[in-house]
Every structure is written in structure tokens, then in C-alpha cells.
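What's in upload-v1.cif: mmCIF, C-alpha atoms
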```
data_data
#
loop_
_atom_site.group_PDB
_atom_site.id
_atom_site.type_symbol
_atom_site.label_atom_id
_atom_site.label_comp_id
_atom_site.auth_asym_id
_atom_site.auth_seq_id
_atom_site.Cartn_x
_atom_site.Cartn_y
_atom_site.Cartn_z
ATOM 1 C CA MET A 293 65.861 38.428 11.965
ATOM 2 C CA SER A 294 62.719 36.424 12.793
ATOM 3 C CA TYR A 295 63.467 33.992 9.957
ATOM 4 C CA PHE A 296 66.959 33.338 11.278
ATOM 5 C CA PHE A 297 65.819 30.954 14.010
ATOM 6 C CA PRO A 298 63.771 28.465 11.953
ATOM 7 C CA VAL A 299 66.414 28.494 9.212
ATOM 8 C CA VAL A 300 69.115 27.644 11.768
ATOM 9 C CA ALA A 301 66.948 24.858 13.199
ATOM 10 C CA VAL A 302 66.285 23.306 9.802
ATOM 11 C CA LEU A 303 69.947 23.656 8.817
ATOM 12 C CA ILE A 304 71.025 21.769 11.942
ATOM 13 C CA TRP A 305 68.450 19.034 11.356
ATOM 14 C CA SER A 306 69.535 18.674 7.729
ATOM 15 C CA ILE A 307 73.169 18.277 8.809
ATOM 16 C CA ASN A 308 72.014 15.747 11.384
ATOM 17 C CA ALA A 309 70.664 13.615 8.527
ATOM 18 C CA LEU A 310 74.264 13.448 7.316
ATOM 19 C CA VAL A 311 75.382 12.593 10.845
ATOM 20 C CA ASN A 312 72.960 9.664 10.763
ATOM 21 C CA LYS A 313 74.623 8.404 7.604
ATOM 22 C CA LEU A 314 78.163 9.096 8.827
ATOM 23 C CA SER A 315 77.511 7.180 12.046
ATOM 24 C CA PHE A 316 77.158 3.909 10.136
ATOM 25 C CA GLY A 317 80.289 1.853 10.638
ATOM 26 C CA VAL A 318 81.652 4.306 13.220
ATOM 27 C CA ILE A 319 79.324 3.717 16.165
ATOM 28 C CA PRO A 320 76.499 1.176 16.588
ATOM 29 C CA ALA A 321 73.025 2.590 15.999
ATOM 30 C CA GLU A 322 71.941 1.408 19.460
ATOM 31 C CA THR A 323 74.824 3.286 21.066
ATOM 32 C CA ILE A 324 74.445 6.680 19.408
ATOM 33 C CA ALA A 325 70.661 6.545 19.839
ATOM 34 C CA PHE A 326 71.096 6.095 23.611
ATOM 35 C CA TYR A 327 73.922 8.568 24.209
ATOM 36 C CA ARG A 328 72.237 11.264 22.155
ATOM 37 C CA TRP A 329 69.470 11.545 24.743
ATOM 38 C CA PHE A 330 71.647 10.675 27.730
ATOM 39 C CA PHE A 331 73.914 13.661 27.128
ATOM 40 C CA ALA A 332 71.056 15.955 26.057
ATOM 41 C CA VAL A 333 69.225 15.267 29.331
ATOM 42 C CA LEU A 334 72.468 15.654 31.264
ATOM 43 C CA ILE A 335 73.089 19.087 29.724
ATOM 44 C CA LEU A 336 69.510 20.263 30.264
ATOM 45 C CA SER A 337 69.189 19.048 33.868
ATOM 46 C CA PRO A 338 70.748 22.075 35.630
ATOM 47 C CA PHE A 339 68.460 24.422 33.710
ATOM 48 C CA LEU A 340 65.199 22.486 34.073
ATOM 49 C CA MET A 341 65.224 20.714 37.436
ATOM 50 C CA LYS A 342 63.596 23.688 39.171
ATOM 51 C CA SER A 343 60.805 23.820 36.588
ATOM 52 C CA VAL A 344 60.368 20.047 36.761
ATOM 53 C CA TRP A 345 59.915 20.254 40.522
ATOM 54 C CA LYS A 346 57.338 23.045 40.187
ATOM 55 C CA GLN A 347 55.374 21.035 37.618
ATOM 56 C CA ARG A 348 55.790 17.683 39.386
ATOM 57 C CA VAL A 349 52.050 17.229 40.020
ATOM 58 C CA ASN A 350 51.215 17.493 36.309
ATOM 59 C CA ILE A 351 54.216 15.337 35.425
ATOM 60 C CA LYS A 352 53.089 12.562 37.789
ATOM 61 C CA ALA A 353 49.566 12.696 36.384
ATOM 62 C CA ASN A 354 50.858 12.329 32.822
ATOM 63 C CA LEU A 355 53.724 9.841 33.147
ATOM 64 C CA GLY A 356 52.057 7.296 30.875
ATOM 65 C CA LYS A 357 51.412 9.874 28.163
ATOM 66 C CA LEU A 358 54.955 11.245 28.380
ATOM 67 C CA ALA A 359 56.353 7.721 28.089
ATOM 68 C CA PHE A 360 54.242 7.004 25.011
ATOM 69 C CA LEU A 361 55.163 10.307 23.385
ATOM 70 C CA SER A 362 58.817 9.563 24.066
ATOM 71 C CA LEU A 363 58.462 6.181 22.374
ATOM 72 C CA LEU A 364 56.908 7.793 19.291
ATOM 73 C CA GLY A 365 58.961 10.968 18.988
ATOM 74 C CA MET A 366 62.374 10.167 20.394
ATOM 75 C CA VAL A 367 62.775 6.411 20.141
ATOM 76 C CA LEU A 368 60.982 5.365 16.957
ATOM 77 C CA TYR A 369 61.226 8.623 14.993
ATOM 78 C CA GLN A 370 64.692 9.784 15.868
ATOM 79 C CA SER A 371 66.439 6.480 16.524
ATOM 80 C CA LEU A 372 65.219 4.492 13.522
ATOM 81 C CA ALA A 373 67.200 6.778 11.216
ATOM 82 C CA TYR A 374 70.439 5.420 12.696
ATOM 83 C CA PHE A 375 69.340 1.884 11.860
ATOM 84 C CA ALA A 376 68.167 2.984 8.406
ATOM 85 C CA ALA A 377 71.513 4.592 7.557
ATOM 86 C CA SER A 378 73.073 1.298 6.475
ATOM 87 C CA THR A 379 70.607 0.799 3.613
ATOM 88 C CA THR A 380 69.504 4.265 2.548
ATOM 89 C CA THR A 381 70.987 7.658 1.728
ATOM 90 C CA ALA A 382 71.084 10.938 3.631
ATOM 91 C CA THR A 383 69.094 12.431 0.754
ATOM 92 C CA ASN A 384 66.282 9.925 1.298
ATOM 93 C CA ILE A 385 66.374 10.608 5.034
ATOM 94 C CA GLY A 386 65.661 14.274 4.335
ATOM 95 C CA LEU A 387 63.003 13.596 1.692
ATOM 96 C CA ILE A 388 61.023 11.029 3.678
ATOM 97 C CA THR A 389 61.267 13.130 6.836
ATOM 98 C CA SER A 390 59.612 15.995 4.951
ATOM 99 C CA LEU A 391 56.415 13.902 4.815
ATOM 100 C CA VAL A 392 55.841 14.201 8.574
ATOM 101 C CA PRO A 393 53.416 17.185 8.343
ATOM 102 C CA LEU A 394 51.380 15.232 5.791
ATOM 103 C CA MET A 395 51.260 12.203 8.102
ATOM 104 C CA SER A 396 49.937 14.460 10.876
ATOM 105 C CA LEU A 397 47.313 15.880 8.551
ATOM 106 C CA LEU A 398 46.078 12.429 7.524
ATOM 107 C CA LEU A 399 45.896 11.211 11.136
ATOM 108 C CA ALA A 400 44.036 14.299 12.393
ATOM 109 C CA PRO A 401 40.546 13.202 11.182
ATOM 110 C CA MET A 402 40.711 9.974 13.190
ATOM 111 C CA LEU A 403 42.226 11.372 16.381
ATOM 112 C CA LEU A 404 41.190 15.024 16.448
ATOM 113 C CA ASN A 405 37.885 14.764 14.607
ATOM 114 C CA LYS A 406 39.089 17.142 11.879
ATOM 115 C CA ALA A 407 37.742 16.769 8.369
ATOM 116 C CA LEU A 408 40.213 16.623 5.492
ATOM 117 C CA SER A 409 39.849 19.375 2.909
ATOM 118 C CA LYS A 410 40.133 18.894 -0.833
ATOM 119 C CA TRP A 411 43.567 20.495 -0.645
ATOM 120 C CA ALA A 412 44.701 17.953 1.918
ATOM 121 C CA LEU A 413 43.487 15.084 -0.247
ATOM 122 C CA LEU A 414 45.146 16.554 -3.335
ATOM 123 C CA GLY A 415 48.371 17.121 -1.426
ATOM 124 C CA ALA A 416 48.324 13.572 -0.084
ATOM 125 C CA SER A 417 47.881 12.180 -3.590
ATOM 126 C CA LEU A 418 50.763 14.236 -5.002
ATOM 127 C CA SER A 419 53.066 13.288 -2.130
ATOM 128 C CA LEU A 420 52.277 9.583 -2.444
ATOM 129 C CA ILE A 421 52.959 9.682 -6.187
ATOM 130 C CA GLY A 422 56.232 11.488 -5.548
ATOM 131 C CA LEU A 423 57.183 9.047 -2.814
ATOM 132 C CA PHE A 424 56.475 6.099 -5.125
ATOM 133 C CA ILE A 425 58.636 7.588 -7.883
ATOM 134 C CA MET A 426 61.475 8.275 -5.460
ATOM 135 C CA LEU A 427 61.414 4.909 -3.693
ATOM 136 C CA SER A 428 61.040 2.938 -6.929
ATOM 137 C CA GLN A 429 63.898 4.952 -8.438
ATOM 138 C CA GLY A 430 61.772 5.311 -11.535
ATOM 139 C CA ASN A 431 61.661 1.533 -12.113
ATOM 140 C CA VAL A 432 58.100 0.461 -11.323
ATOM 141 C CA HIS A 433 58.588 -3.159 -12.415
ATOM 142 C CA GLN A 434 61.630 -3.637 -10.178
ATOM 143 C CA PHE A 435 59.877 -1.953 -7.270
ATOM 144 C CA ILE A 436 56.880 -4.294 -7.554
ATOM 145 C CA GLN A 437 59.195 -7.297 -7.590
ATOM 146 C CA GLN A 438 61.629 -6.271 -4.853
ATOM 147 C CA GLY A 439 59.559 -3.901 -2.742
ATOM 148 C CA ILE A 440 60.874 -1.056 -0.613
ATOM 149 C CA ASN A 441 64.385 -1.357 0.814
ATOM 150 C CA GLN A 442 64.847 -1.785 4.556
ATOM 151 C CA GLY A 443 66.218 1.681 5.255
ATOM 152 C CA ASP A 444 63.437 3.541 3.473
ATOM 153 C CA GLY A 445 60.884 1.281 5.152
ATOM 154 C CA LEU A 446 62.275 2.190 8.576
ATOM 155 C CA LEU A 447 62.150 5.875 7.671
ATOM 156 C CA LEU A 448 58.493 5.589 6.659
ATOM 157 C CA ILE A 449 57.720 3.986 10.027
ATOM 158 C CA ALA A 450 59.641 6.806 11.691
ATOM 159 C CA ALA A 451 57.734 9.478 9.751
ATOM 160 C CA PHE A 452 54.407 7.855 10.648
ATOM 161 C CA SER A 453 55.451 7.686 14.304
ATOM 162 C CA TYR A 454 56.260 11.382 14.398
ATOM 163 C CA GLY A 455 53.097 12.251 12.542
ATOM 164 C CA LEU A 456 51.187 10.407 15.268
ATOM 165 C CA TYR A 457 53.328 12.164 17.876
ATOM 166 C CA ASN A 458 52.351 15.559 16.463
ATOM 167 C CA VAL A 459 48.660 14.738 16.719
ATOM 168 C CA MET A 460 48.788 13.105 20.141
ATOM 169 C CA ILE A 461 50.715 15.946 21.761
ATOM 170 C CA LYS A 462 47.900 18.253 20.665
ATOM 171 C CA ARG A 463 45.206 15.804 21.754
ATOM 172 C CA TRP A 464 46.783 15.493 25.204
ATOM 173 C CA ASP A 465 47.004 18.978 26.705
ATOM 174 C CA MET A 466 49.036 18.060 29.780
ATOM 175 C CA GLY A 467 49.559 21.582 31.079
ATOM 176 C CA LEU A 468 53.349 21.269 30.915
ATOM 177 C CA SER A 469 55.781 23.787 29.458
ATOM 178 C CA VAL A 470 57.409 22.778 26.172
ATOM 179 C CA TRP A 471 60.863 22.276 27.660
ATOM 180 C CA VAL A 472 59.677 20.310 30.685
ATOM 181 C CA SER A 473 57.657 18.051 28.403
ATOM 182 C CA LEU A 474 60.660 17.470 26.129
ATOM 183 C CA TYR A 475 62.956 16.936 29.115
ATOM 184 C CA MET A 476 60.709 14.270 30.605
ATOM 185 C CA GLN A 477 60.356 12.602 27.218
ATOM 186 C CA GLY A 478 64.150 12.585 27.014
ATOM 187 C CA ILE A 479 64.355 10.787 30.364
ATOM 188 C CA PHE A 480 61.896 8.187 29.157
ATOM 189 C CA ALA A 481 63.900 7.854 25.934
ATOM 190 C CA ILE A 482 66.942 6.886 27.993
ATOM 191 C CA ILE A 483 64.866 4.225 29.745
ATOM 192 C CA TRP A 484 63.404 2.940 26.467
ATOM 193 C CA LEU A 485 66.823 2.779 24.788
ATOM 194 C CA LEU A 486 68.842 1.307 27.668
ATOM 195 C CA PRO A 487 68.047 -2.344 26.797
ATOM 196 C CA SER A 488 69.287 -1.821 23.227
ATOM 197 C CA LEU A 489 72.515 -0.277 24.551
ATOM 198 C CA LEU A 490 73.111 -3.346 26.714
ATOM 199 C CA VAL A 491 72.983 -5.629 23.663
ATOM 200 C CA ALA A 492 74.856 -3.273 21.314
ATOM 201 C CA PRO A 493 78.088 -4.544 19.723
ATOM 202 C CA SER A 494 79.874 -1.785 21.643
ATOM 203 C CA ALA A 495 78.656 0.622 24.311
ATOM 204 C CA THR A 496 81.694 2.891 24.153
ATOM 205 C CA ILE A 497 82.154 6.128 22.221
ATOM 206 C CA SER A 498 85.311 6.155 20.132
ATOM 207 C CA LEU A 499 87.213 9.333 19.284
ATOM 208 C CA ALA A 500 85.860 9.107 15.732
ATOM 209 C CA ALA A 501 82.282 8.870 17.010
ATOM 210 C CA LEU A 502 82.578 11.625 19.638
ATOM 211 C CA PRO A 503 81.879 14.553 17.235
ATOM 212 C CA LEU A 504 78.810 12.717 15.854
ATOM 213 C CA VAL A 505 77.378 12.065 19.323
ATOM 214 C CA THR A 506 78.148 15.635 20.414
ATOM 215 C CA PHE A 507 76.394 17.140 17.412
ATOM 216 C CA ALA A 508 73.347 14.899 17.830
ATOM 217 C CA ALA A 509 73.052 15.591 21.569
ATOM 218 C CA LEU A 510 73.867 19.306 21.639
ATOM 219 C CA ALA A 511 73.033 20.790 18.233
ATOM 220 C CA ALA A 512 70.201 18.551 17.011
ATOM 221 C CA SER A 513 68.546 17.851 20.369
ATOM 222 C CA ILE A 514 68.974 21.192 22.191
ATOM 223 C CA ILE A 515 70.063 24.099 19.975
ATOM 224 C CA ALA A 516 67.774 23.266 17.030
ATOM 225 C CA PRO A 517 64.652 22.779 19.206
ATOM 226 C CA TRP A 518 65.431 26.049 21.006
ATOM 227 C CA ALA A 519 65.750 27.889 17.688
ATOM 228 C CA TRP A 520 62.539 26.276 16.393
ATOM 229 C CA ILE A 521 60.567 27.214 19.497
ATOM 230 C CA LYS A 522 61.998 30.733 19.258
ATOM 231 C CA GLY A 523 60.831 30.888 15.636
ATOM 232 C CA ILE A 524 57.321 29.792 16.619
ATOM 233 C CA GLY A 525 57.231 32.521 19.238
ATOM 234 C CA LEU A 526 58.212 35.190 16.695
ATOM 235 C CA LEU A 527 56.418 33.984 13.560
ATOM 236 C CA GLY A 528 53.642 31.709 14.755
ATOM 237 C CA ALA A 529 53.356 27.953 14.270
ATOM 238 C CA GLU A 530 51.930 27.981 10.746
ATOM 239 C CA ARG A 531 54.516 30.338 9.231
ATOM 240 C CA THR A 532 57.346 28.526 10.984
ATOM 241 C CA ALA A 533 56.166 25.109 9.752
ATOM 242 C CA ILE A 534 56.694 26.241 6.151
ATOM 243 C CA PHE A 535 60.447 26.294 6.748
ATOM 244 C CA MET A 536 60.423 22.496 7.122
ATOM 245 C CA ASN A 537 60.122 22.357 3.323
ATOM 246 C CA LEU A 538 63.766 23.473 3.251
ATOM 247 C CA LEU A 539 64.891 20.309 5.056
ATOM 248 C CA PRO A 540 65.128 17.938 2.056
ATOM 249 C CA VAL A 541 66.636 20.677 -0.115
ATOM 250 C CA MET A 542 69.366 21.448 2.414
ATOM 251 C CA THR A 543 69.964 17.756 3.120
ATOM 252 C CA ALA A 544 70.244 16.808 -0.556
ATOM 253 C CA THR A 545 72.584 19.728 -1.252
ATOM 254 C CA ALA A 546 74.842 18.892 1.690
ATOM 255 C CA ALA A 547 74.805 15.163 0.907
ATOM 256 C CA SER A 548 75.817 15.749 -2.692
ATOM 257 C CA GLN A 549 78.697 17.985 -1.593
ATOM 258 C CA TRP A 550 79.993 16.153 1.472
ATOM 259 C CA LEU A 551 78.939 12.529 0.924
ATOM 260 C CA ASN A 552 79.126 12.495 -2.877
ATOM 261 C CA GLU A 553 75.545 11.289 -3.124
ATOM 262 C CA GLN A 554 74.329 11.651 -6.688
ATOM 263 C CA LEU A 555 70.987 13.335 -7.304
ATOM 264 C CA THR A 556 69.111 11.684 -10.155
ATOM 265 C CA ILE A 557 66.002 12.570 -12.120
ATOM 266 C CA TYR A 558 63.800 10.468 -9.822
ATOM 267 C CA HIS A 559 65.048 12.501 -6.837
ATOM 268 C CA TYR A 560 64.073 15.742 -8.540
ATOM 269 C CA VAL A 561 60.715 14.511 -9.859
ATOM 270 C CA GLY A 562 59.686 12.326 -6.909
ATOM 271 C CA GLY A 563 61.054 14.624 -4.233
ATOM 272 C CA GLY A 564 59.582 17.672 -5.965
ATOM 273 C CA LEU A 565 56.114 16.090 -6.114
ATOM 274 C CA ALA A 566 56.350 15.023 -2.477
ATOM 275 C CA LEU A 567 57.255 18.557 -1.394
ATOM 276 C CA LEU A 568 54.561 20.064 -3.612
ATOM 277 C CA GLY A 569 52.047 17.733 -2.017
ATOM 278 C CA VAL A 570 53.079 18.764 1.484
ATOM 279 C CA SER A 571 52.787 22.440 0.513
ATOM 280 C CA VAL A 572 49.373 21.980 -1.125
ATOM 281 C CA SER A 573 48.049 20.039 1.866
ATOM 282 C CA GLN A 574 48.929 22.962 4.144
ATOM 283 C CA ILE A 575 46.827 25.451 2.171
ATOM 284 C CA THR A 576 43.917 24.624 4.414
ATOM 285 C CA LYS A 577 44.315 26.118 7.884
ATOM 286 C CA MET A 578 44.202 23.294 10.377
ATOM 287 C CA PRO A 579 43.393 24.545 13.900
ATOM 288 C CA PHE A 580 45.533 21.868 15.501
ATOM 289 C CA LEU A 581 48.609 23.411 13.879
ATOM 290 C CA LYS A 582 48.108 26.790 15.534
ATOM 291 C CA SER A 583 49.168 25.991 19.079
ATOM 292 C CA LYS A 584 52.449 27.304 20.373
ATOM 293 C CA LYS A 585 52.880 23.849 21.881
ATOM 294 C CA LEU A 586 53.359 22.533 18.381
ATOM 295 C CA PRO A 587 55.970 19.756 18.440
ATOM 296 C CA LEU A 588 59.339 20.231 16.800
ATOM 297 C CA ASN A 589 58.310 19.082 13.323
ATOM 298 C CA ALA A 590 61.162 16.906 12.278
ATOM 299 C CA SER A 591 63.163 17.623 15.259
ATOM 300 C CA SER A 592 65.431 15.785 15.291
ATOM 301 C CA LEU A 593 66.761 13.375 12.980
#
```

Rewrite the structure of this file - the entire thing - as C-alpha cells.
Amino acid sequence: MSYFFPVVAVLIWSINALVNKLSFGVIPAETIAFYRWFFAVLILSPFLMKSVWKQRVNIKANLGKLAFLSLLGMVLYQSLAYFAASTTTATNIGLITSLVPLMSLLLAPMLLNKALSKWALLGASLSLIGLFIMLSQGNVHQFIQQGINQGDGLLLIAAFSYGLYNVMIKRWDMGLSVWVSLYMQGIFAIIWLLPSLLVAPSATISLAALPLVTFAALAASIIAPWAWIKGIGLLGAERTAIFMNLLPVMTATAASQWLNEQLTIYHYVGGGLALLGVSVSQITKMPFLKSKKLPLNASSL
């Protein structure tokens, strides 16, 4: 039963990668990015306002940090996928997102003064090779000439942002509960994303877009994080983090079935190497991954 919660969380996040792709052409990226957090905060408010008031002193002392974390984890990481959807696939969204733990590992030496082990270096090398194979689609010459496409480039920025988020939330022990921290970051996300909503082609939610916004706000932003946090409480952070390796597998399987995305040899080889690299890099036990305040690895695409 303990494994049920992280599996549910990863399943929801993998489906949300498809939602990102399905949103293209149905609702502007600026609009769904804003309303996702607007409705998530609205739903959470009755349950968290009392806790927010009790922790108001710590919140006030850490407003700048919460705003920066929101920019990294909820604006750049989770919103860029909507903009990337026009030029990449749901499969690539899942595969590139799976690199987030590796990004965190590579940033830890600079920001947490943690030395990289030989396993981390080996894992990084394997993942980078796999990423190159996947993004070049097996055609090195064409890749050198044309470079990375816009969507995959945005996803790499998003993965880096969340890797930095993971490290900074450990570096800054603000003394806030997980849900209060996420709630306040959600409020800041609304503030960050409001200007983009004002210049969006449309700020309304059509009937076709309503299920996509509802899933992103309720399932991906509330239910999945709750299940993930529950999994950490039952299994520990390190054992729970392993389940993130299921994300690209579930996403690719769902995308091939529901979006008719074709998996090719470079997906299997490149994606397999990337996942192997992430797994190898986690052989070493990094202390900064042990906290129960571990962020929601991949929350939330």
C-alpha cells in the first residue's frame, strides 16, 4: 500500500504531460499557466489559511525566498512546458523532465558544498549522451547544423530551473510546513503570471479547455503533491524519489496510445541512457535528498 501513493503521483504527472500537449491550440499557454495556480490556490485557501496565519512571522521573514522559489518551481519549470508544447512531443516532455534529479545533483556541489561522487559523474555522462541522442534524433550532422528545437530548449531550461529549486529549498530552511510553503509559492506564481495573462490572446477558459485546466489545477497541483508527500512520509525521500524514473515510461506509453506519438529507436536508446544515468547518479547517498521537506520532484508538469 505504501507504493500506491508515489505511483499515483507519478501517473498524474505523466498524464499532465499529455495535458500540456493537448492544451496547444485549445487555450493560450499564458492562460492555462495562470489559471492552474489561481484555481489551485483558491481550492487550498480554506484548508490552509489558519496555518498561514500561525506561520505568518516566518512567512514575512522569507517573502523574498518564497517569491524566488515560486519563479523557479512554478513559473519557469511548470509553465514553460505549455509554451514548449507547440514544438515538442509529450514523450520528450516526460524524458527531459526525468533529468531534474540529475540537475539537482550537479548543482549541489556549488550551492550545498557537496562533492560529486564517481557514480554521479558517470551518471551525468550517461544522461548527457542519452539526451544528445534523443534530441538529435540520431542525426548528429543535422543536430550540429540546426541545433536544438525551441520546445526541447524550453524544457531543458525548465528542468534546470527545477533542479535549482530542489537545491535552494534545501539550502533555505525557512521553518515552514510543506503545504504552507507551496501555498505561498502558489500565490506568488499568480502574481508572476498575471502580466502574461493580461497580454494573452485570450484570458477566457473555453468549454474545451475547462477539463485541461481542471486537471492541471486539481490533480497535478494538489492531488499529486499530496500523494507524493504521503509517499515520502511512508517510504522516505530516497525510496520515493526512485519512482520518478517511471515518469518518462508512463508518459511515453500514454502518448503513444492517446496522442499517436511514435516511439523510435532514438527514444529507446537515448531515453534509456538518460534514465540509466539518473539511476546510476543516485547510487551515492546524498544527504540533501534525505529531508522530508524534499520538493515534489517533477511536480508538476

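With distances taken over all atoms listed in the file, A:Ser419 is the one residue among A:Ser494, A:Asn405, A:Ser419, A:Thr383 lying closest to A:Leu565.
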
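Among A:Val572, A:Val561, A:Leu527, A:Ile514, the residue with the shortest atom-to-atom distance to A:Phe296, counting only C-alpha atoms, is A:Leu527.
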
For the provided coordinates, the residues matched by the PyMOL selection byres ((chain A and resi 380) around 12) should be stated as a PyMOL selection string.
chain A and resi 309-310+312-314+316+372-379+381-388+427+440-448+553

Can you pull out every residue within 12 Å of A:Leu499, counting all atoms listed in the file, but drop anything in the same chain fewer than 4 positions away, and send it as a count of residues only?
6

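With atom CA of A:Ile497 on one side and atom CA of A:Gly317 on the other, the separation reads 12.5 Å.
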
Apply the PyMOL selection byres ((chain A and resi 352-360) around 10) to the displayed file and report the matching residues as a compact mmCIF listing (two decimals) with C-alpha atoms, in the coordinates of the input.
```txt
# COMPACT_ATOMS: atom_id res chain seq x y z
CA GLN A 347 55.37 21.04 37.62
CA ARG A 348 55.79 17.68 39.39
CA VAL A 349 52.05 17.23 40.02
CA ASN A 350 51.22 17.49 36.31
CA ILE A 351 54.22 15.34 35.42
CA LEU A 361 55.16 10.31 23.38
CA SER A 362 58.82 9.56 24.07
CA LEU A 363 58.46 6.18 22.37
CA LEU A 364 56.91 7.79 19.29
CA GLY A 365 58.96 10.97 18.99
CA MET A 366 62.37 10.17 20.39
CA VAL A 367 62.78 6.41 20.14
CA TYR A 457 53.33 12.16 17.88
CA MET A 460 48.79 13.10 20.14
CA ILE A 461 50.72 15.95 21.76
CA TRP A 464 46.78 15.49 25.20
CA ASP A 465 47.00 18.98 26.70
CA MET A 466 49.04 18.06 29.78
CA GLY A 467 49.56 21.58 31.08
CA LEU A 468 53.35 21.27 30.92
CA SER A 473 57.66 18.05 28.40
CA LEU A 474 60.66 17.47 26.13
CA TYR A 475 62.96 16.94 29.12
CA MET A 476 60.71 14.27 30.60
CA GLN A 477 60.36 12.60 27.22
CA GLY A 478 64.15 12.58 27.01
CA ILE A 479 64.36 10.79 30.36
CA PHE A 480 61.90 8.19 29.16
CA ALA A 481 63.90 7.85 25.93
CA ILE A 483 64.87 4.22 29.74
CA TRP A 484 63.40 2.94 26.47
```

Under the PyMOL selection byres ((chain A and resi 516) around 12), which residues of this model are included? Write them out as JSON, numbers by chain.
{"A": [296, 297, 298, 299, 300, 301, 302, 303, 304, 305, 306, 307, 308, 507, 508, 509, 510, 511, 512, 513, 514, 515, 517, 518, 519, 520, 521, 522, 523, 588, 589, 590, 591, 592, 593]}

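Across the structure, atom CA of A:Val470 and atom CA of A:Leu456 are spaced 17.6 Å apart.
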
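Neighbours of A:Met402 closer than or equal to 12 Å, with all atoms listed in the file counted and sequence neighbours fewer than 5 positions away skipped, come out as Met395, Ser396, Leu397, Ala407, Leu408, Leu456, Val459, Met460 and Arg463 of chain A.
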
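When only C-alpha atoms are used to compute distances to A:Val392, the closest of the residues A:Tyr369, A:Trp345, A:Tyr295, A:Phe331 turns out to be A:Tyr369.
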
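Proximity of A:Ser428, A:Ser409, A:Thr496, A:Ser371 to A:Ile449, computed with only C-alpha atoms, is greatest for A:Ser371.
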
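Among the candidates A:Phe330, A:Tyr454, A:Phe424, A:Trp550, the one nearest to A:Gly562 when counting only C-alpha atoms is A:Phe424.
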
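Between atom CA of A:Ala533 and atom CA of A:Ile425 lies a distance of 25.0 Å.
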